[in-house]
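One file, input-v7.cif, is given below (mmCIF, C-alpha atoms).
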data_start
loop_
_atom_site.label_atom_id
_atom_site.label_comp_id
_atom_site.auth_asym_id
_atom_site.auth_seq_id
_atom_site.Cartn_x
_atom_site.Cartn_y
_atom_site.Cartn_z
CA MET A 104 0.00 0.00 0.00
CA ARG A 105 1.40 3.37 -0.97
CA VAL A 106 1.58 5.94 1.79
CA PRO A 107 0.75 9.42 0.50
CA SER A 108 3.68 11.76 0.86
CA GLN A 109 3.35 14.79 3.07
CA PRO A 110 4.40 18.18 1.71
CA LEU A 111 7.55 19.49 3.30
CA PRO A 112 7.02 22.53 5.54
CA PRO A 113 8.84 25.68 4.56
CA LEU A 114 12.30 26.17 5.95
CA ALA A 115 11.11 29.05 8.11
CA GLU A 116 8.94 26.57 10.03
CA THR A 117 11.51 23.81 10.35
CA VAL A 118 14.48 25.83 11.57
CA PRO A 119 14.20 27.09 15.16
CA ALA A 120 14.32 30.84 15.40
CA ARG A 121 17.50 32.26 16.91
CA GLU A 122 16.11 34.76 19.39
CA GLY A 123 17.30 36.58 22.46
CA ARG A 124 20.93 36.96 21.40
CA ARG A 125 22.65 40.30 21.23
CA LEU A 126 24.81 40.59 18.17
CA TYR A 127 27.79 42.43 19.58
CA VAL A 128 29.56 42.41 16.23
CA ILE A 129 26.80 44.57 14.71
CA ASP A 130 27.61 47.31 17.23
CA GLY A 131 31.25 47.19 16.15
CA ILE A 132 30.39 47.37 12.46
CA ARG A 133 28.16 50.39 13.05
CA LEU A 134 30.93 52.33 14.79
CA LEU A 135 33.46 51.33 12.11
CA ALA A 136 31.09 52.61 9.42
CA ALA A 137 30.65 55.91 11.28
CA LEU A 138 34.42 56.30 11.61
CA VAL A 139 35.11 55.74 7.91
CA VAL A 140 32.37 58.24 7.05
CA ALA A 141 33.96 60.78 9.40
CA VAL A 142 37.42 60.29 7.89
CA HIS A 143 35.89 60.65 4.43
CA HIS A 144 34.27 63.94 5.41
CA TYR A 145 37.54 65.24 6.87
CA ALA A 146 39.99 64.06 4.23
CA GLY A 147 38.36 62.32 1.26
CA THR A 148 35.61 64.35 -0.40
CA ASP A 149 35.74 66.02 -3.78
CA ARG A 150 34.93 69.35 -2.12
CA LEU A 151 38.05 69.11 0.06
CA ASP A 152 40.24 68.36 -2.95
CA GLN A 153 39.52 71.71 -4.57
CA PRO A 154 41.97 74.63 -4.43
CA GLY A 155 41.08 77.16 -1.77
CA ASN A 156 38.51 74.92 -0.08
CA PRO A 157 37.28 76.43 3.21
CA VAL A 158 38.46 73.55 5.42
CA TRP A 159 42.10 72.85 4.50
CA GLY A 160 42.77 75.83 2.22
CA ARG A 161 44.30 73.66 -0.52
CA PRO A 162 43.61 70.24 -2.09
CA VAL A 163 43.68 67.54 0.56
CA SER A 164 45.31 65.16 -1.94
CA GLU A 165 48.39 67.41 -1.74
CA ILE A 166 48.37 67.57 2.05
CA MET A 167 47.99 63.82 2.77
CA PRO A 168 47.76 61.88 -0.50
CA THR A 169 47.62 58.38 0.99
CA VAL A 170 44.89 59.27 3.46
CA PHE A 171 42.94 60.95 0.68
CA ARG A 172 43.11 57.92 -1.63
CA LEU A 173 41.87 55.60 1.13
CA SER A 174 39.28 57.89 2.69
CA ALA A 175 37.82 58.66 -0.75
CA TYR A 176 35.93 55.37 -0.36
CA GLY A 177 34.59 56.16 3.11
CA TRP A 178 31.24 57.39 1.79
CA ILE A 179 30.16 53.78 1.39
CA GLY A 180 29.79 53.67 5.16
CA VAL A 181 26.38 55.28 4.62
CA GLU A 182 25.23 52.36 2.44
CA ILE A 183 26.56 50.04 5.14
CA PHE A 184 24.38 51.93 7.65
CA PHE A 185 21.32 51.27 5.50
CA VAL A 186 21.99 47.51 5.35
CA ILE A 187 22.55 47.35 9.11
CA SER A 188 19.42 49.41 9.66
CA GLY A 189 17.33 46.90 7.69
CA PHE A 190 18.80 44.07 9.74
CA VAL A 191 18.43 45.75 13.14
CA ILE A 192 14.95 47.21 12.56
CA CYS A 193 13.60 43.83 11.51
CA MET A 194 15.23 42.20 14.53
CA SER A 195 14.05 44.79 17.06
CA CYS A 196 10.49 44.95 15.70
CA TRP A 197 9.78 41.23 15.70
CA GLY A 198 6.83 40.62 18.01
CA ARG A 199 6.24 44.31 18.65
CA THR A 200 3.13 46.36 18.03
CA PRO A 201 3.09 49.48 15.81
CA ARG A 202 2.86 51.59 18.98
CA GLN A 203 6.00 49.98 20.41
CA PHE A 204 7.76 50.43 17.09
CA PHE A 205 6.80 54.12 16.94
CA VAL A 206 7.88 54.81 20.52
CA SER A 207 11.19 53.00 20.10
CA ARG A 208 12.06 55.00 16.98
CA VAL A 209 11.10 58.38 18.50
CA ILE A 210 13.12 57.91 21.69
CA ARG A 211 16.05 56.53 19.69
CA LEU A 212 16.23 59.22 17.02
CA TYR A 213 15.20 62.55 18.48
CA PRO A 214 17.16 63.29 21.71
CA ALA A 215 20.62 63.06 20.14
CA TYR A 216 19.34 64.74 16.99
CA TRP A 217 18.02 67.77 18.90
CA PHE A 218 21.33 68.05 20.74
CA ALA A 219 23.23 67.84 17.45
CA ILE A 220 21.22 70.70 15.95
CA ALA A 221 21.88 72.92 18.97
CA PHE A 222 25.56 71.96 19.13
CA THR A 223 26.25 72.40 15.41
CA THR A 224 24.43 75.73 15.28
CA ALA A 225 26.41 76.96 18.30
CA VAL A 226 29.72 75.98 16.70
CA ILE A 227 28.86 77.72 13.42
CA VAL A 228 27.83 80.87 15.26
CA ALA A 229 30.93 80.86 17.49
CA LEU A 230 33.33 80.02 14.64
CA PRO A 231 32.00 81.64 11.44
CA GLY A 232 33.65 81.64 8.04
CA VAL A 233 33.51 77.96 7.06
CA TRP A 234 29.80 77.20 6.91
CA GLU A 235 26.84 79.51 6.54
CA ARG A 236 24.33 79.57 9.36
CA LEU A 237 20.73 78.83 8.42
CA ARG A 238 17.84 81.17 9.06
CA LEU A 239 16.11 80.65 12.39
CA ARG A 240 12.94 79.32 10.77
CA ASP A 241 14.95 76.69 8.88
CA ILE A 242 16.71 75.66 12.10
CA LEU A 243 13.35 75.31 13.83
CA LEU A 244 11.99 73.23 10.95
CA ASN A 245 15.03 70.96 11.26
CA LEU A 246 13.87 70.03 14.76
CA THR A 247 11.02 68.05 13.18
CA MET A 248 13.45 65.93 11.11
CA LEU A 249 11.05 66.52 8.21
CA GLN A 250 12.86 69.41 6.51
CA SER A 251 13.56 67.36 3.38
CA GLY A 252 9.82 66.99 2.84
CA SER A 253 9.57 70.78 2.77
CA ALA A 254 12.60 71.17 0.49
CA SER A 255 14.37 73.12 3.24
CA PRO A 256 18.12 73.00 3.92
CA HIS A 257 19.67 70.85 6.63
CA VAL A 258 21.52 72.29 9.60
CA ASP A 259 24.15 69.65 8.78
CA GLY A 260 24.34 67.92 5.41
CA VAL A 261 24.61 64.44 6.94
CA TYR A 262 20.97 64.66 8.02
CA TRP A 263 19.83 63.64 4.53
CA THR A 264 20.15 60.00 5.58
CA LEU A 265 17.56 60.49 8.33
CA TRP A 266 14.91 61.33 5.73
CA THR A 267 15.83 58.11 3.95
CA GLU A 268 15.54 56.16 7.22
CA LEU A 269 12.18 57.71 8.07
CA ARG A 270 10.69 56.64 4.74
CA PHE A 271 11.93 53.10 5.33
CA TYR A 272 10.30 53.09 8.78
CA LEU A 273 6.97 54.24 7.36
CA LEU A 274 7.00 51.50 4.73
CA PHE A 275 8.03 48.80 7.19
CA LEU A 276 5.41 49.98 9.67
CA VAL A 277 2.81 48.45 7.32
CA VAL A 278 4.33 45.00 7.86
CA VAL A 279 4.72 45.60 11.60
CA ALA A 280 1.01 46.47 11.79
CA MET A 281 0.13 43.21 10.03
CA GLY A 282 2.44 41.23 12.31
CA LEU A 283 5.96 40.23 11.27
CA THR A 284 6.32 36.75 9.84
CA TYR A 285 8.85 35.16 7.54
CA ARG A 286 6.39 35.14 4.65
CA ARG A 287 5.26 38.75 5.11
CA VAL A 288 8.80 40.12 5.23
CA VAL A 289 9.70 38.14 2.09
CA VAL A 290 6.64 39.48 0.27
CA PHE A 291 7.42 43.01 1.46
CA CYS A 292 10.97 42.76 0.09
CA CYS A 293 9.73 41.43 -3.27
CA VAL A 294 7.05 44.11 -3.63
CA TRP A 295 9.40 46.90 -2.55
CA GLY A 296 12.17 45.68 -4.84
CA THR A 297 9.78 45.53 -7.79
CA ALA A 298 8.54 49.04 -7.08
CA ALA A 299 12.15 50.25 -6.75
CA MET A 300 12.92 48.94 -10.24
CA ILE A 301 9.84 50.56 -11.76
CA ALA A 302 9.94 53.92 -9.96
CA PRO A 303 12.92 55.52 -11.78
CA ILE A 304 11.44 54.96 -15.25
CA SER A 305 7.91 55.86 -14.15
CA GLU A 306 8.97 59.49 -13.54
CA LEU A 307 6.21 59.67 -10.92
CA ARG A 308 7.60 61.90 -8.19
CA LEU A 309 5.28 60.59 -5.49
CA MET A 310 6.17 57.00 -6.27
CA ILE A 311 9.89 57.77 -6.24
CA LEU A 312 9.48 59.60 -2.93
CA ILE A 313 7.70 56.69 -1.26
CA VAL A 314 9.65 53.82 -2.80
CA ASN A 315 13.06 55.51 -2.42
CA PRO A 316 14.88 53.47 -5.10
CA VAL A 317 18.26 55.00 -4.21
CA ALA A 318 18.38 53.17 -0.85
CA ALA A 319 15.75 50.44 -1.18
CA TRP A 320 18.10 47.63 -2.15
CA PHE A 321 20.42 48.27 0.79
CA PHE A 322 17.54 48.07 3.28
CA ILE A 323 16.23 44.96 1.53
CA ALA A 324 19.64 43.32 1.88
CA GLY A 325 19.50 43.95 5.62
CA LEU A 326 15.99 42.50 5.90
CA VAL A 327 16.99 39.38 3.98
CA LEU A 328 20.11 38.92 6.09
CA TYR A 329 18.01 39.06 9.25
CA LEU A 330 15.66 36.39 7.86
CA MET A 331 18.75 34.24 7.26
CA TYR A 332 19.87 34.88 10.81
CA ARG A 333 16.50 34.13 12.39
CA PHE A 334 15.24 31.26 10.22
CA GLY A 335 18.25 29.92 8.35
CA GLN A 336 19.29 30.12 4.72
CA ASP A 337 17.42 28.89 1.68
CA LEU A 338 17.60 29.38 -2.07
CA LEU A 339 14.94 32.09 -2.10
CA LEU A 340 16.81 34.22 0.42
CA TRP A 341 20.08 33.74 -1.45
CA GLY A 342 18.37 34.80 -4.66
CA MET A 343 16.93 37.92 -3.03
CA LEU A 344 20.30 38.81 -1.51
CA THR A 345 22.02 38.34 -4.86
CA MET A 346 19.44 40.56 -6.55
CA SER A 347 19.96 43.26 -3.91
CA TRP A 348 23.74 43.05 -4.46
CA LEU A 349 23.37 43.38 -8.24
CA MET A 350 21.00 46.33 -7.98
CA ALA A 351 23.24 47.97 -5.37
CA GLN A 352 26.07 48.09 -7.91
CA VAL A 353 23.93 50.36 -10.08
CA GLU A 354 23.23 52.72 -7.18
CA ILE A 355 26.88 52.73 -6.10
CA GLY A 356 27.92 53.69 -9.63
CA ARG A 357 25.33 56.44 -9.81
CA ARG A 358 26.44 57.93 -6.51
CA ILE A 359 30.08 57.98 -7.60
CA GLU A 360 29.20 59.69 -10.87
CA SER A 361 26.70 62.22 -9.50
CA VAL A 362 28.00 63.02 -6.00
CA GLU A 363 31.36 61.60 -4.93
CA HIS A 364 33.60 61.80 -8.06
CA VAL A 365 36.70 60.82 -6.04
CA SER A 366 36.52 57.01 -5.90
CA GLY A 367 36.30 54.24 -8.46
CA TRP A 368 33.38 51.86 -8.95
CA ARG A 369 35.50 48.71 -8.75
CA GLY A 370 36.99 49.60 -5.38
CA SER A 371 33.63 50.68 -4.01
CA ALA A 372 31.93 47.51 -5.26
CA LEU A 373 34.69 45.40 -3.71
CA ILE A 374 34.33 47.09 -0.31
CA TYR A 375 30.56 46.66 -0.35
CA THR A 376 30.87 43.02 -1.42
CA VAL A 377 33.33 42.22 1.37
CA PHE A 378 31.00 43.87 3.87
CA LEU A 379 28.00 41.92 2.57
CA LEU A 380 29.92 38.64 2.78
CA PHE A 381 30.84 39.46 6.36
CA MET A 382 27.17 40.13 7.11
CA VAL A 383 26.36 36.72 5.63
CA ALA A 384 28.82 35.25 8.12
CA VAL A 385 26.98 37.13 10.87
CA ALA A 386 23.62 35.88 9.61
CA LEU A 387 24.84 32.28 9.54
CA GLY A 388 26.10 32.50 13.11
CA TYR A 389 29.85 32.45 12.52
CA THR A 390 30.36 35.55 14.70
CA ASP A 391 28.08 34.56 17.59
CA ARG A 392 31.09 33.87 19.82
CA ILE A 393 32.12 37.51 19.69
CA ARG A 394 30.76 38.87 22.99
CA TRP A 395 33.04 41.76 23.85
CA ARG A 396 31.10 44.04 26.18
CA TRP A 397 32.85 47.18 25.00
CA LEU A 398 31.20 46.75 21.61
CA VAL A 399 27.88 47.72 23.20
CA THR A 400 29.37 51.08 24.13
CA ALA A 401 30.91 51.36 20.66
CA GLY A 402 27.51 50.90 19.08
CA ALA A 403 25.98 53.52 21.38
CA LEU A 404 28.50 56.11 20.18
CA THR A 405 27.64 55.65 16.51
CA TYR A 406 24.53 57.79 16.17
CA PRO A 407 25.78 60.85 18.15
CA LEU A 408 29.11 60.67 16.32
CA TYR A 409 27.43 60.63 12.93
CA LEU A 410 25.14 63.55 13.79
CA THR A 411 27.76 65.88 15.26
CA HIS A 412 31.01 65.24 13.40
CA TYR A 413 30.67 66.91 10.01
CA LEU A 414 30.09 70.67 10.12
CA ALA A 415 31.48 71.13 13.62
CA GLY A 416 34.48 68.90 12.90
CA THR A 417 35.45 70.58 9.63
CA THR A 418 35.08 73.97 11.33
CA LEU A 419 37.55 72.88 14.02
CA ILE A 420 39.95 71.57 11.38
CA ASN A 421 39.83 74.97 9.68
CA ARG A 422 40.87 76.68 12.92
CA LEU A 423 43.55 74.13 13.90
CA ARG A 424 45.00 73.09 10.53
CA ASP A 425 48.28 74.96 11.03
CA THR A 426 48.89 73.73 14.57
CA MET A 427 49.83 70.07 13.95
CA ASP A 428 50.33 67.35 11.36
CA PRO A 429 47.09 67.04 9.35
CA ARG A 430 46.83 63.28 9.92
CA LEU A 431 47.21 63.79 13.66
CA LEU A 432 44.65 66.59 13.52
CA VAL A 433 42.06 64.31 11.89
CA ALA A 434 42.71 61.66 14.54
CA VAL A 435 42.45 64.19 17.38
CA VAL A 436 39.20 65.67 16.07
CA ILE A 437 37.64 62.22 15.69
CA ALA A 438 38.79 61.25 19.20
CA GLY A 439 37.22 64.44 20.53
CA PHE A 440 33.90 63.67 18.86
CA LEU A 441 33.99 60.12 20.21
CA GLY A 442 34.29 61.63 23.68
CA LEU A 443 31.45 64.02 22.96
CA SER A 444 29.34 61.13 21.66
CA TRP A 445 29.84 59.22 24.90
CA LEU A 446 28.67 62.26 26.88
CA VAL A 447 25.66 62.68 24.60
CA HIS A 448 24.74 59.03 25.07
CA ARG A 449 25.07 59.13 28.86
CA CYS A 450 23.78 62.63 29.61
CA VAL A 451 21.26 63.26 26.81
CA GLU A 452 20.04 60.06 25.16
CA ARG A 453 19.56 57.90 28.25
CA PRO A 454 17.65 60.34 30.49
CA ALA A 455 15.65 61.83 27.61
CA ALA A 456 14.68 58.38 26.34
CA ARG A 457 13.34 57.40 29.76
CA LEU A 458 11.27 60.56 30.06
CA MET A 459 9.95 60.39 26.51
CA LYS A 460 9.06 56.72 26.78
CA ARG A 461 7.14 57.31 29.98
CA GLY A 462 5.29 60.25 28.44
CA LEU A 463 4.50 58.49 25.17
CA ASP A 464 3.33 55.32 26.91
CA THR A 465 1.00 57.42 29.06
CA SER A 466 -0.29 59.27 25.99
CA PHE A 467 -1.01 56.07 24.07
CA ALA A 468 -2.71 54.53 27.11
CA ARG A 469 -4.93 57.59 27.35
CA LEU A 470 -5.68 57.40 23.63
CA ARG A 471 -6.57 53.72 23.91
CA ASN A 472 -8.89 54.35 26.85
CA ALA A 473 -10.50 57.27 25.03
CA THR A 474 -11.42 55.11 22.05
CA ARG A 475 -13.29 52.71 24.34
CA SER A 476 -15.51 55.42 25.83
#
Show me, as C-alpha cells, the structure contained in the file I just sent.
Amino acid sequence: MRVPSQPLPPLAETVPAREGRRLYVIDGIRLLAALVVAVHHYAGTDRLDQPGNPVWGRPVSEIMPTVFRLSAYGWIGVEIFFVISGFVICMSCWGRTPRQFFVSRVIRLYPAYWFAIAFTTAVIVALPGVWERLRLRDILLNLTMLQSGSASPHVDGVYWTLWTELRFYLLFLVVVAMGLTYRRVVVFCCVWGTAAMIAPISELRLMILIVNPVAAWFFIAGLVLYLMYRFGQDLLLWGMLTMSWLMAQVEIGRRIESVEHVSGWRGSALIYTVFLLFMVAVALGYTDRIRWRWLVTAGALTYPLYLTHYLAGTTLINRLRDTMDPRLLVAVVIAGFLGLSWLVHRCVERPAARLMKRGLDTSFARLRNATRS
C-alpha cells in the first residue's frame, strides 16, 4: 500500500528561530562605518580636494595623499548603515506592536538629533567663516526631522540620511502592523524591490518619494540577512540577496558619478561586497562567539558621532589646521567627537529616552482608553 507523501514545511517553520541573542559584532560594524564616514568627510571628499577649499585651504590630496586615496571610499559607510538598519529594525520589531515600534524610533532618534542641531548651530555661530548659518525658521523646521519633505536645507548635510531612514520606517510599519512573519517580510521585500525597479522609469515623483529606489536595495539586503539569521538560509533568500547586491552596484555607480567623483566603482563595489559577505557570516552564526562588552558602548557612540562630526568637525579643522600634522589633527578631532558622543549618550540620550518613553506610553494609554468610551 502506498503511503501518501506529506508536503515538506517551509524552511522558516523547520528551523528554530534564533532569538534573544545580542549581536555584539553589529555594534562594532556600526561604529566602524561611522568612523570611515567621518574620515571621508575630513579628508576624502571632492569638495576638500579643490583649491582654496574652506576647510584645509588647498587640495587635501596634496596635504595627505595616501589618506585621501583611502578615505575617498569612506562614503560607502552610509550604504553600510542602510543595510545594518534593515537588519536591526527587523530584529528589534519582531513581536512588537506598531505603537511599540513608533515609541522605540522616536526615543532613539530625536534626543541626540536635537542636541546635534543645537551643538552644530552653536559651533557655526561661534566660529564663522567655514559654513553659513541657516535662518532661524529653517533651524526650527530641522527640529522636526522633516525638513527634506519641505525642500528646506539641513543644519548639517549628513541629516539627509535620516529622511531616507524615516521613509523606510513608514514602509516597514505596514508589515509591523500586520504582524511580522517570515512570509510577510519576504513578500514586502519582493514588492518593494519591484517598485524600486519601476519607480525611476515611471517618472512619478510621489512613487519615487515613497519607494526611495536610491536606498531600497540596501535596506532589503539587511531584511533578507536578518531572515537568514533568524530562520536559516534557503535558495529564495540567497536569490533575493544576490538581486539586492546586483541592484546595489547600479546605485553605487550612480552615486560615484553624481556626487562623490573621487573614488572608483571597482573599489567601491569590492568594499561593499566584502561587507555583505561578512554580514552573511553574521547571519549564519559564525560571529556569535564575539561577545566583547565594549562593543555595546561602541555601538551607542555611533549615532551621536554621525550627527555631530561633520560641520562642527570641519570647522575645528579649519581653525587648527596649522597647529599640527594634518593626519594627527584628523585623529584628534575624531577622538574628541567620540568623547562628545559618549557624553551625549550618557547625559542626553539615556535620560531623555526614559522621560519620553514614559510620556509616550502614558499618551497612548490615554488614547486607547478614550477610544473605548
Open item on the list: I'd like to know which of A:Tyr285, A:Trp320, A:Tyr332, A:Trp397 is closest to A:Met350, using all atoms listed in the file.
Closed with: A:Trp320
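Once the PyMOL selection byres ((chain A and resi 264) around 10) is applied to the depicted file, the selected set reads Val181, Glu182, Phe184, Phe185, Gly260, Val261, Tyr262, Trp263, Leu265, Trp266, Thr267, Glu268, Leu269 and Ala318 of chain A.
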Writing out the chosen residues with C-alpha atoms as an mmCIF file, in the frame of the given file:
data_model
loop_
_atom_site.group_PDB
_atom_site.id
_atom_site.type_symbol
_atom_site.label_atom_id
_atom_site.label_comp_id
_atom_site.auth_asym_id
_atom_site.auth_seq_id
_atom_site.Cartn_x
_atom_site.Cartn_y
_atom_site.Cartn_z
ATOM 1 C CA VAL A 181 26.380 55.280 4.620
ATOM 2 C CA GLU A 182 25.230 52.360 2.440
ATOM 3 C CA PHE A 184 24.380 51.930 7.650
ATOM 4 C CA PHE A 185 21.320 51.270 5.500
ATOM 5 C CA GLY A 260 24.340 67.920 5.410
ATOM 6 C CA VAL A 261 24.610 64.440 6.940
ATOM 7 C CA TYR A 262 20.970 64.660 8.020
ATOM 8 C CA TRP A 263 19.830 63.640 4.530
ATOM 9 C CA LEU A 265 17.560 60.490 8.330
ATOM 10 C CA TRP A 266 14.910 61.330 5.730
ATOM 11 C CA THR A 267 15.830 58.110 3.950
ATOM 12 C CA GLU A 268 15.540 56.160 7.220
ATOM 13 C CA LEU A 269 12.180 57.710 8.070
ATOM 14 C CA ALA A 318 18.380 53.170 -0.850
#
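Counting from atom CA of A:Ala456, the distance to atom CA of A:Ile210 is 4.9 Å.
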May I have a table of the residues of stretch 340-403 of chain A lying at most 8 Å from stretch 127-141 of chain A, giving each one's closest pair of atoms and their distance in Å to one decimal, counting all atoms listed in the file, ordered by chain and ascending residue number, as JSON lines?
{"residue": "A:Val385", "atom": "CA", "partner": "A:Val128", "partner_atom": "CA", "distance": 8.0}
{"residue": "A:Thr390", "atom": "CA", "partner": "A:Val128", "partner_atom": "CA", "distance": 7.1}
{"residue": "A:Ile393", "atom": "CA", "partner": "A:Val128", "partner_atom": "CA", "distance": 6.5}
{"residue": "A:Arg394", "atom": "CA", "partner": "A:Tyr127", "partner_atom": "CA", "distance": 5.8}
{"residue": "A:Trp395", "atom": "CA", "partner": "A:Tyr127", "partner_atom": "CA", "distance": 6.8}
{"residue": "A:Arg396", "atom": "CA", "partner": "A:Tyr127", "partner_atom": "CA", "distance": 7.6}
{"residue": "A:Leu398", "atom": "CA", "partner": "A:Gly131", "partner_atom": "CA", "distance": 5.5}
{"residue": "A:Val399", "atom": "CA", "partner": "A:Asp130", "partner_atom": "CA", "distance": 6.0}
{"residue": "A:Ala401", "atom": "CA", "partner": "A:Leu134", "partner_atom": "CA", "distance": 5.9}
{"residue": "A:Gly402", "atom": "CA", "partner": "A:Asp130", "partner_atom": "CA", "distance": 4.0}
{"residue": "A:Ala403", "atom": "CA", "partner": "A:Asp130", "partner_atom": "CA", "distance": 7.6}
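For the file at hand, the PyMOL selection byres ((chain A and resi 292) around 9) resolves to Arg287, Val288, Val289, Val290, Phe291, Cys293, Val294, Trp295, Gly296, Thr297, Trp320, Ile323, Ala324, Leu326, Val327 and Met343 of chain A.
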Open item on the list: Quick check on the file I pasted: which residues fall under the PyMOL selection byres ((chain A and resi 232-234) around 9)? Write them as a PyMOL selection string.
Closed with: chain A and resi 157-158+227+230-231+235-236+414+417-418+421
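Taking atom CA of A:Phe171 as the reference point, atom CA of A:His143 is found at 8.0 Å.
Excluding A:Arg424 itself and same-chain residues fewer than 4 positions from it, the residues having an atom within 7 Å of it are A:Trp159, A:Ile420, A:Pro429, counting only C-alpha atoms.
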TODO: To one decimal in Å, tell me the separation between atom CA of A:Arg150 and atom CA of A:Ala229.
DONE: 23.1 Å
Open item on the list: Need to verify the contact set: stretch 406-408 of chain A, 6 Å, all atoms listed in the file, exclusion of same-chain residues closer than 2 positions in sequence. Can you return it as number ranges by chain?
Closed with: A: 215, 404, 410-412, 444
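Minimum distance to A:Trp197 across A:Val278, A:Val435, A:Ala473, A:Val163 (counting all atoms listed in the file) occurs at A:Val278.
If all atoms listed in the file are the atoms counted, then among A:Leu273, A:Lys460, A:Asp337, A:Leu239 the closest residue to A:Val314 is A:Leu273.
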Open item on the list: I'd like to know which of A:Met310, A:Leu151, A:Val383, A:Met459 is closest to A:Gln336, using only C-alpha atoms.
Closed with: A:Val383
- [ ] Pick out the closest residue to A:Thr169 from this set: A:Arg430, A:Ile304, A:Arg358, A:Val209. Count only C-alpha atoms.
- [x] A:Arg430
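Distances here use only C-alpha atoms; by that measure, the residue among A:Arg449, A:His144, A:Arg211, A:Arg199 closest to A:Ser174 is A:His144.
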Open item on the list: (12.4, 48.4, 14.7) in this file's frame - what residues fall within 9 Å of it? Use only C-alpha atoms and give the answer as a ChimeraX atom specification.
Closed with: /A:188-189,191-197,199,203-205,207-208,272,275-276,279
